[in-house]
$ cat start30.txt   # compact mmCIF, C-alpha atoms
# COMPACT_ATOMS: atom_id res chain seq x y z
CA MET A 1 157.87 102.14 90.06
CA ASN A 2 157.90 103.56 86.53
CA CYS A 3 156.16 106.78 85.34
CA GLU A 4 153.30 105.00 83.54
CA LEU A 5 152.33 102.99 86.63
CA CYS A 6 152.62 106.09 88.81
CA GLN A 7 150.18 107.99 86.60
CA THR A 8 147.75 105.11 86.56
CA GLU A 9 147.81 104.94 90.34
CA MET A 10 147.66 108.67 91.06
CA HIS A 11 144.69 109.40 88.82
CA PRO A 12 141.94 107.80 90.92
CA TRP A 13 143.31 109.47 94.04
CA ARG A 14 141.13 112.10 95.67
CA ALA A 15 142.35 114.40 98.38
CA GLY A 16 141.01 113.41 101.78
CA SER A 17 139.63 110.09 100.60
CA GLU A 18 140.72 106.58 101.50
CA PRO A 19 142.69 104.81 100.19
CA GLY A 20 145.40 107.45 99.99
CA LEU A 21 148.39 107.40 97.64
CA SER A 22 150.58 104.36 98.14
CA PRO A 23 154.12 104.81 99.60
CA GLU A 24 155.51 103.65 96.20
CA VAL A 25 153.70 106.46 94.36
CA LEU A 26 154.77 109.03 96.94
CA ALA A 27 158.37 107.84 96.65
CA HIS A 28 158.24 108.08 92.85
CA LEU A 29 156.73 111.58 92.96
CA SER A 30 159.50 112.78 95.22
CA SER A 31 162.14 111.46 92.84
CA CYS A 32 160.56 112.19 89.39
CA ALA A 33 160.11 115.85 88.43
CA VAL A 34 157.97 115.02 85.34
CA CYS A 35 155.47 112.96 87.33
CA ALA A 36 155.47 115.51 90.15
CA SER A 37 154.60 118.21 87.64
CA ARG A 38 151.85 116.05 86.10
CA TYR A 39 150.57 115.35 89.57
CA GLY A 40 150.40 119.08 90.32
CA ARG A 41 148.49 119.73 87.08
CA MET A 42 146.14 116.86 87.82
CA VAL A 43 145.29 118.29 91.22
CA ASP A 44 144.64 121.73 89.64
CA VAL A 45 142.43 120.32 86.89
CA ASP A 46 140.54 118.17 89.39
CA GLU A 47 139.84 121.21 91.52
CA ARG A 48 138.63 123.18 88.50
CA VAL A 49 136.37 120.35 87.36
CA ARG A 50 135.04 119.90 90.87
CA ARG A 51 134.14 123.59 91.15
CA THR A 52 132.47 123.54 87.74
CA ILE A 53 130.49 120.43 88.53
CA ARG A 54 129.33 121.83 91.85
CA SER A 55 128.42 125.19 90.36
CA VAL A 56 125.28 123.78 88.79
CA ALA A 57 122.41 124.42 91.18
CA ALA A 58 119.19 122.46 91.33
CA PRO A 59 115.97 124.35 90.47
CA THR A 60 114.57 125.92 93.61
CA ASP A 61 111.15 124.31 93.19
CA LEU A 62 112.44 120.77 92.51
CA GLU A 63 112.26 119.70 96.15
CA GLY A 64 108.68 121.02 96.39
CA ARG A 65 107.69 119.09 93.25
CA ILE A 66 109.16 115.90 94.71
CA PHE A 67 107.21 116.40 97.93
CA ARG A 68 103.99 117.00 96.00
CA GLY A 69 104.58 113.79 94.03
CA LEU A 70 105.25 111.87 97.24
CA GLU A 71 102.08 113.24 98.78
CA HIS A 72 100.17 111.91 95.78
CA GLU A 73 101.89 108.50 96.15
CA ARG A 74 101.00 108.37 99.84
CA ARG A 75 97.37 109.32 99.20
CA GLN A 76 97.05 106.60 96.56
CA LYS A 77 98.69 104.08 98.86
CA GLY A 78 96.27 105.06 101.63
CA GLU A 79 93.29 104.57 99.32
CA GLU A 80 94.61 101.20 98.15
CA ARG A 81 95.12 100.19 101.76
CA SER A 82 91.55 101.15 102.71
CA TRP A 83 90.16 99.11 99.79
CA TRP A 84 92.31 96.22 100.86
CA LYS A 85 90.96 96.57 104.41
CA LEU A 86 87.41 96.69 103.07
CA TRP A 87 87.94 93.45 101.15
CA LEU A 88 89.45 91.88 104.24
CA ALA A 89 86.37 92.95 106.19
CA VAL A 90 83.97 91.10 103.87
CA PRO A 91 84.73 87.57 105.14
CA LEU A 92 84.88 88.94 108.68
CA VAL A 93 81.41 90.46 108.40
CA ALA A 94 80.14 87.25 106.76
CA CYS A 95 81.54 85.20 109.68
CA LEU A 96 79.94 87.55 112.20
CA MET A 97 76.59 87.33 110.45
CA LEU A 98 76.84 83.55 110.36
CA ALA A 99 77.74 83.43 114.04
CA ALA A 100 74.90 85.82 114.89
CA GLY A 101 72.54 83.63 112.88
CA LEU A 102 73.66 80.46 114.62
CA VAL A 103 73.43 81.98 118.07
CA GLY A 104 70.40 84.17 117.50
CA ARG A 105 68.21 81.78 115.54
CA PRO A 106 67.18 79.48 118.43
CA TYR A 107 66.54 82.53 120.58
CA LEU A 108 64.30 84.11 117.94
CA ALA A 109 62.50 80.82 117.36
CA GLU A 110 61.84 80.49 121.11
CA ARG A 111 60.45 84.02 121.24
CA GLN A 112 58.17 83.29 118.31
CA LEU A 113 57.06 80.05 119.98
CA GLN A 114 56.23 81.90 123.17
CA ARG A 115 54.08 84.43 121.28
CA ASP A 116 52.26 81.70 119.35
CA LEU A 117 51.66 79.64 122.51
CA SER A 118 50.07 82.60 124.27
CA VAL A 119 47.58 82.89 121.41
CA LEU A 120 46.94 79.13 121.39
CA ILE A 121 46.23 79.01 125.14
CA SER A 122 43.85 81.95 125.03
CA GLN A 123 42.14 81.02 121.73
CA PRO A 124 42.44 77.27 121.08
CA PRO A 125 41.38 76.35 117.51
CA GLU A 126 38.54 73.94 116.66
CA SER A 127 39.57 70.31 116.12
CA GLN A 128 39.82 69.19 112.51
CA MET A 129 39.66 65.59 113.52
CA VAL A 130 37.43 64.45 116.38
CA THR A 131 38.06 60.98 117.75
CA THR A 132 39.27 59.30 120.90
CA ASP A 133 41.11 56.62 118.96
CA ARG A 134 44.71 57.31 119.97
CA ALA A 135 46.21 55.30 117.14
CA ARG A 136 44.13 57.10 114.46
CA ILE A 137 44.95 60.48 115.89
CA LEU A 138 48.66 59.65 115.97
CA ASP A 139 48.57 58.28 112.39
CA TRP A 140 46.83 61.43 111.22
CA SER A 141 49.38 63.57 113.07
CA ALA A 142 52.26 61.60 111.56
CA GLY A 143 50.82 62.36 108.10
CA GLU A 144 50.58 66.06 108.88
CA LEU A 145 54.12 66.18 110.26
CA HIS A 146 55.64 63.82 107.67
CA GLY A 147 57.25 61.64 110.32
CA SER A 148 56.83 58.93 112.90
CA SER A 149 53.45 58.26 114.54
CA GLN A 150 55.20 57.38 117.78
CA LEU A 151 55.22 59.66 120.82
CA PRO A 152 58.10 59.61 123.32
CA PRO A 153 57.72 57.25 126.34
CA GLU A 154 56.80 60.06 128.78
CA LEU A 155 53.60 60.61 126.74
CA GLY A 156 52.68 56.92 126.69
CA ARG A 157 49.71 57.35 129.05
CA VAL A 158 47.98 60.38 127.51
CA GLN A 159 44.76 59.96 125.54
CA PHE A 160 43.29 62.38 122.99
CA ARG A 161 39.87 63.55 121.82
CA GLY A 162 40.67 65.65 118.79
CA ALA A 163 43.46 67.06 116.62
CA THR A 164 44.21 70.13 114.53
CA SER A 165 47.11 70.89 112.21
CA LEU A 166 48.62 74.39 112.35
CA GLU A 167 51.85 76.36 112.03
CA ILE A 168 53.88 77.39 115.06
CA ALA A 169 57.04 79.52 114.93
CA HIS A 170 57.05 79.01 111.12
CA ARG A 171 57.01 75.21 111.52
CA ARG A 172 54.40 72.55 110.93
CA ALA A 173 52.67 71.38 114.09
CA VAL A 174 49.64 69.44 115.36
CA LEU A 175 47.56 70.32 118.41
CA LEU A 176 46.16 67.29 120.21
CA LYS A 177 43.43 67.90 122.80
CA MET A 178 43.56 65.70 125.88
CA LYS A 179 40.72 63.30 126.58
CA ASN A 180 40.56 63.31 130.37
CA GLU A 181 41.56 66.96 131.00
CA GLN A 182 39.67 69.74 129.19
CA ARG A 183 42.27 72.34 130.19
CA ALA A 184 45.21 70.44 128.67
CA SER A 185 46.38 69.89 125.11
CA LEU A 186 49.62 68.69 123.53
CA LEU A 187 51.36 70.54 120.74
CA VAL A 188 53.81 68.54 118.61
CA VAL A 189 56.09 70.72 116.44
CA GLU A 190 58.49 69.63 113.69
CA GLY A 191 62.14 70.13 114.65
CA ALA A 192 63.81 70.96 117.95
CA LEU A 193 63.03 74.45 119.24
CA GLY A 194 64.52 76.17 122.25
CA ARG A 195 68.05 76.47 123.55
CA LYS A 196 67.86 74.33 126.70
CA LYS A 197 67.68 70.63 127.26
CA GLY A 198 64.91 69.35 129.56
CA PHE A 199 61.69 71.14 130.42
CA THR A 200 61.16 74.85 130.01
CA PHE A 201 58.18 76.49 131.62
CA LEU A 202 56.47 79.42 129.98
CA SER A 203 53.75 81.61 131.40
CA ALA A 204 51.00 83.32 129.49
CA ALA A 205 48.06 85.50 130.56
CA GLN A 206 45.56 82.64 130.28
CA GLY A 207 47.71 79.72 131.41
CA ASN A 208 51.06 77.97 131.31
CA ALA A 209 53.11 75.76 129.04
CA SER A 210 55.85 73.24 129.46
CA VAL A 211 58.23 72.75 126.52
CA TRP A 212 60.74 69.97 125.82
CA SER A 213 62.39 68.56 122.72
CA ASP A 214 63.96 65.45 121.35
CA ARG A 215 66.15 65.24 118.26
CA ASP A 216 63.28 65.61 115.74
CA ARG A 217 60.37 67.28 117.49
CA THR A 218 59.33 69.75 120.12
CA TYR A 219 56.52 68.91 122.56
CA VAL A 220 54.49 71.54 124.38
CA LEU A 221 51.99 70.82 127.06
CA LEU A 222 49.50 73.70 127.08
CA PHE A 223 47.46 74.18 130.20
CA ARG A 224 44.70 76.67 130.87
CA GLY A 225 45.36 77.03 134.58
CA ASP A 226 48.07 77.85 137.05
CA ARG A 227 51.49 76.31 137.00
CA GLN A 228 50.86 74.18 140.11
CA ALA A 229 47.83 72.55 138.51
CA MET A 230 49.82 71.92 135.32
CA GLN A 231 52.61 70.24 137.23
CA THR A 232 50.16 68.08 139.14
CA TYR A 233 48.66 66.97 135.84
CA MET A 234 52.08 66.20 134.36
CA VAL A 235 52.98 64.07 137.37
CA LYS A 236 49.67 62.31 137.21
CA MET A 237 50.14 61.44 133.53
CA GLY A 238 53.76 60.30 134.08
CA ILE A 239 55.19 63.06 131.93
CA VAL A 240 57.44 64.08 134.81
CA ALA A 241 58.32 62.10 137.89
CA MET B 242 113.56 97.33 107.58
CA SER B 243 110.83 99.90 106.94
CA VAL B 244 111.68 103.52 106.21
CA ASP B 245 109.10 105.85 107.71
CA ASP B 246 107.85 108.92 105.85
CA GLU B 247 109.72 111.33 108.10
CA THR B 248 113.08 109.67 107.38
CA PHE B 249 112.34 109.58 103.68
CA ASP B 250 111.39 113.27 103.66
CA GLY B 251 114.72 113.99 105.34
CA TRP B 252 116.51 112.25 102.49
CA VAL B 253 114.60 114.35 99.95
CA ARG B 254 115.83 117.52 101.68
CA GLU B 255 119.40 116.24 101.94
CA TYR B 256 119.90 114.53 98.60
CA THR B 257 117.78 116.41 96.03
CA ARG B 258 120.64 118.77 95.23
CA PRO B 259 123.44 116.18 94.81
CA LEU B 260 121.17 113.79 92.91
CA PHE B 261 120.13 116.55 90.54
CA GLY B 262 123.81 117.49 90.05
CA ILE B 263 124.79 113.91 89.27
CA ALA B 264 121.85 113.48 86.89
CA TYR B 265 122.65 116.76 85.18
CA TRP B 266 126.24 115.77 84.42
CA TRP B 267 125.23 112.27 83.44
CA THR B 268 122.62 113.47 80.94
CA GLY B 269 123.86 116.96 80.04
CA SER B 270 120.29 118.27 80.28
CA ARG B 271 118.56 120.17 83.08
CA ALA B 272 115.10 119.00 82.02
CA GLU B 273 116.19 115.35 81.93
CA ALA B 274 118.00 115.73 85.23
CA GLU B 275 114.88 117.14 86.91
CA GLU B 276 112.80 114.30 85.55
CA LEU B 277 115.35 111.68 86.59
CA THR B 278 115.72 113.09 90.11
CA GLN B 279 111.98 113.10 90.67
CA GLU B 280 111.53 109.63 89.23
CA ALA B 281 114.42 108.29 91.33
CA PHE B 282 112.78 109.56 94.53
CA PHE B 283 109.38 108.14 93.57
CA GLN B 284 110.86 104.75 92.71
CA ALA B 285 112.91 104.83 95.91
CA TYR B 286 109.78 105.59 97.94
CA ARG B 287 107.92 102.66 96.36
CA SER B 288 110.79 100.25 96.99
CA ARG B 289 112.00 101.64 100.34
CA GLY B 290 111.14 98.31 101.97
CA SER B 291 114.06 96.71 100.11
CA LEU B 292 116.66 98.94 101.82
CA ARG B 293 118.41 96.82 104.46
CA ASP B 294 120.78 99.42 105.95
CA LEU B 295 119.90 103.10 106.42
CA ALA B 296 123.62 103.93 106.46
CA VAL B 297 123.85 103.23 102.72
CA ALA B 298 120.81 105.36 101.83
CA LYS B 299 122.82 107.75 99.67
CA SER B 300 124.47 105.08 97.50
CA TRP B 301 121.13 103.28 97.34
CA LEU B 302 119.47 106.45 96.01
CA ILE B 303 122.28 107.00 93.48
CA GLY B 304 121.86 103.38 92.41
CA ILE B 305 118.18 104.01 91.76
CA LEU B 306 119.07 107.18 89.86
CA ARG B 307 121.43 105.12 87.68
CA HIS B 308 118.65 102.58 87.12
CA CYS B 309 116.23 105.36 86.06
CA HIS B 310 118.92 106.79 83.80
CA ALA B 311 119.42 103.39 82.13
CA GLN B 312 115.64 103.00 81.74
CA THR B 313 115.34 106.40 80.07
CA ARG B 314 118.20 105.58 77.72
CA ARG B 315 116.59 102.29 76.75
CA LYS B 316 113.26 104.05 76.18
CA ASN B 317 114.92 106.62 73.94
CA GLN B 318 116.96 103.98 72.12
CA PRO B 319 116.62 105.58 68.65
CA HIS B 320 118.36 108.69 69.99
CA ALA B 321 121.12 106.68 71.67
CA HIS B 322 123.10 106.52 68.45
CA ILE B 323 123.61 110.26 68.14
CA SER B 324 127.12 111.01 66.98
CA LEU B 325 129.54 112.85 69.20
CA ASP B 326 129.43 115.85 66.90
CA GLU B 327 125.64 115.94 67.09
CA MET B 328 125.73 115.61 70.87
CA LEU B 329 127.96 118.65 71.20
CA HIS B 330 125.74 120.68 68.89
CA ASP B 331 122.54 119.57 70.63
CA LEU B 332 123.58 120.37 74.17
CA PRO B 333 120.49 122.13 75.52
CA GLY B 334 120.89 125.75 76.58
CA LYS B 335 124.55 125.84 75.60
CA GLU B 336 124.23 129.47 74.48
CA SER B 337 123.68 130.59 78.09
CA MET B 338 126.31 128.27 79.63
CA PRO B 339 129.49 129.61 81.19
CA ASP B 340 132.54 128.62 79.13
CA GLU B 341 133.96 126.21 81.68
CA VAL B 342 130.62 124.39 81.98
CA LEU B 343 130.36 124.01 78.21
CA ALA B 344 134.00 122.87 77.99
CA LEU B 345 133.39 120.23 80.63
CA HIS B 346 130.24 119.04 78.84
CA GLN B 347 132.18 118.71 75.63
CA SER B 348 135.01 116.82 77.32
CA LEU B 349 132.70 114.51 79.22
CA ALA B 350 130.87 113.75 75.99
CA ARG B 351 134.07 112.11 74.73
CA LEU B 352 133.95 109.53 77.49
CA GLU B 353 132.25 106.15 77.29
CA GLU B 354 129.37 105.91 79.72
CA HIS B 355 131.10 103.33 81.93
CA HIS B 356 133.88 105.89 82.45
CA ARG B 357 131.63 108.96 82.67
CA LEU B 358 129.26 107.69 85.38
CA PRO B 359 131.89 106.89 88.06
CA LEU B 360 133.96 109.92 87.13
CA ILE B 361 131.12 112.36 87.80
CA LEU B 362 130.45 110.68 91.14
CA PHE B 363 134.14 111.01 91.92
CA TYR B 364 133.89 114.81 91.73
CA PHE B 365 131.22 114.87 94.44
CA GLU B 366 133.60 114.71 97.45
CA ASP B 367 130.93 113.37 99.77
CA VAL B 368 130.40 110.31 97.55
CA SER B 369 133.00 107.78 98.72
CA TYR B 370 134.62 105.10 96.57
CA LYS B 371 132.46 102.59 98.38
CA ASP B 372 129.33 104.64 97.56
CA ILE B 373 130.36 104.62 93.89
CA SER B 374 130.93 100.87 94.03
CA VAL B 375 127.49 100.22 95.62
CA ALA B 376 125.62 102.70 93.43
CA LEU B 377 127.08 101.39 90.16
CA ASP B 378 127.10 97.80 91.38
CA ILE B 379 130.75 97.20 90.48
CA PRO B 380 133.71 96.16 92.67
CA ILE B 381 135.93 98.89 94.14
CA GLY B 382 138.85 97.66 92.03
CA THR B 383 136.80 98.25 88.89
CA VAL B 384 135.82 101.69 90.20
CA MET B 385 139.47 102.61 90.61
CA SER B 386 140.51 101.36 87.18
CA ARG B 387 137.61 103.12 85.46
CA LEU B 388 138.42 106.34 87.33
CA ALA B 389 142.07 106.10 86.31
CA ARG B 390 141.19 105.61 82.65
CA GLY B 391 138.30 108.12 82.68
CA LYS B 392 140.35 110.84 84.29
CA GLN B 393 143.21 110.41 81.85
CA ILE B 394 140.81 110.80 78.91
CA LEU B 395 139.05 113.75 80.52
CA HIS B 396 142.23 115.60 81.39
CA ARG B 397 143.59 115.04 77.91
CA ALA B 398 140.36 116.29 76.36
CA LEU B 399 140.33 119.38 78.54
CA SER B 400 143.95 120.23 77.75
CA GLN B 401 143.56 119.55 74.03
CA GLN B 402 140.60 121.82 73.56
CA ASN B 403 142.20 124.53 75.65
CA ASN B 404 139.00 125.05 77.62
CA LEU B 405 136.47 125.32 74.81
CA VAL B 406 135.81 123.91 71.37
CA VAL B 407 133.86 126.35 69.22
CA LEU B 408 131.75 124.44 66.79
CA PRO B 409 130.51 125.90 63.53
CA LYS B 410 126.76 126.58 63.45
CA ARG B 411 124.82 123.84 61.70
CA GLU B 412 122.01 124.49 59.29
CA ALA B 413 118.53 123.53 60.41
CA ARG B 414 117.48 120.08 59.24
$ encode --input "start30.txt" --output "structure tokens"
Amino acid sequence: MNCELCQTEMHPWRAGSEPGLSPEVLAHLSSCAVCASRYGRMVDVDERVRRTIRSVAAPTDLEGRIFRGLEHERRQKGEERSWWKLWLAVPLVACLMLAAGLVGRPYLAERQLQRDLSVLISQPPESQMVTTDRARILDWSAGELHGSSQLPPELGRVQFRGATSLEIAHRRAVLLKMKNEQRASLLVVEGALGRKKGFTFLSAAQGNASVWSDRDRTYVLLFRGDRQAMQTYMVKMGIVA
Amino acid sequence: MSVDDETFDGWVREYTRPLFGIAYWWTGSRAEAEELTQEAFFQAYRSRGSLRDLAVAKSWLIGILRHCHAQTRRKNQPHAHISLDEMLHDLPGKESMPDEVLALHQSLARLEEHHRLPLILFYFEDVSYKDISVALDIPIGTVMSRLARGKQILHRALSQQNNLVVLPKREAR
């Protein structure tokens, strides 16, 4: 190894650090007095420089300033996160409201129907159309309800004596009074109300009602009398078996 | 890997002093060094999610400090062409500096930045060659060659000036 190469290799060396001086450099230093002297000076200068560099102290309040800045960063991040959470909550709340609407709407409609039926049983309105002609009454009803004049097969045997149009549970409806039973009348409501399939029995202070629906309409048999009498009438008219 | 606040606060306590020291000798200004150190910690906090290995936190922080330093230099581009003579005159607070500190500033000012940055890190014993390589994003071989060249220039400058160059006072512009 020559002197130039030795100096190049010894300069990056730092005491106590890896990699250490190579065996070639060490061998050259032990045999070359000039390089050994330069090496000694280099170590001295390095030590002086190191002491000088490390003598510069950081301001005592610098750490505190950094912590205050970080606190600010964290607060801002927290606020951003809460806004982000709020925005995330919007579709969630919308979904919940939609679900509540879908589940709660039939229930609310049924409650409204029950209230309106109680009033109808206790205070039946006057007929707007008075006739026993079943076909005319059904045609008139179809006009009021904007739909078919047909009744479902279970109502094929009932006859009517008068009809009134009205609104029940915020829907259009017609009330048809039965011909052969003064206590009974049939309410036909637009749209399917209620949550259950089949017949639902409702009780009111002045009587009872039996409710059932098909795809387009809801039918309510109103009866001013006890439930037993209503059921007997329904069997008699072939509404139920 | 996520760095929790407690760990990060521990780094602030441990590394504020060395980072300030490095920044001070890189820039030659206490005010700039304070600003750089703070900015480096804030940027590190924002990007702490990118740190893959906690064991290299120190070199990662020094790397961010170097990035902030480069950003500041780019921002102050018009001042980047100050002559060496001007730089020595404009050293902030040089009147109150101990002689050896001023001499070192003057000698370091003679070095190109790519020699000065690794050389200053070299004088912090607890910054390993590997840390220097990671922080400056250069291979270890390049670190060694830059240190060899940088130290030769520095030692020559220090011996030539015999500790301190006394510059004549300049007239106000």
$ axis_aligned_box --input "start30.txt" --around "range 261-279 of chain B" --padding-each-side "6 Å" --output "JSON"
{"center_x": 119.1, "center_y": 115.9, "center_z": 85.4, "size_x": 26.3, "size_y": 20.5, "size_z": 22.6}
$ interface_residues --input "start30.txt" --of "chain A" --to "chain B" --cutoff "10 Å" --atoms "all atoms listed in the file" --output "ChimeraX atom specification"
/A:7-19,41-42,45-60,62-67,69-70,73-74,77
$ atom_distance --input "start30.txt" --atom1 "CA of Ala376 in chain B" --atom2 "CA of Ile303 in chain B"
5.4 Å
$ atom_distance --input "start30.txt" --atom1 "CA of Arg171 in chain A" --atom2 "CA of Pro153 in chain A"
23.3 Å
$ atom_distance --input "start30.txt" --atom1 "CA of Arg357 in chain B" --atom2 "CA of Ala285 in chain B"
23.3 Å
$ closest_residue --input "start30.txt" --among "B:Leu349, B:Leu358, B:Cys309, B:Val297" --to "Val375 in chain B" --atoms "all atoms listed in the file"
B:Val297
$ residues_around --input "start30.txt" --residues "Val188 in chain A" --least-positions-apart "6" --cutoff "9 Å" --atoms "all atoms listed in the file" --output "ChimeraX atom specification"
/A:141,145,172-176,217-221
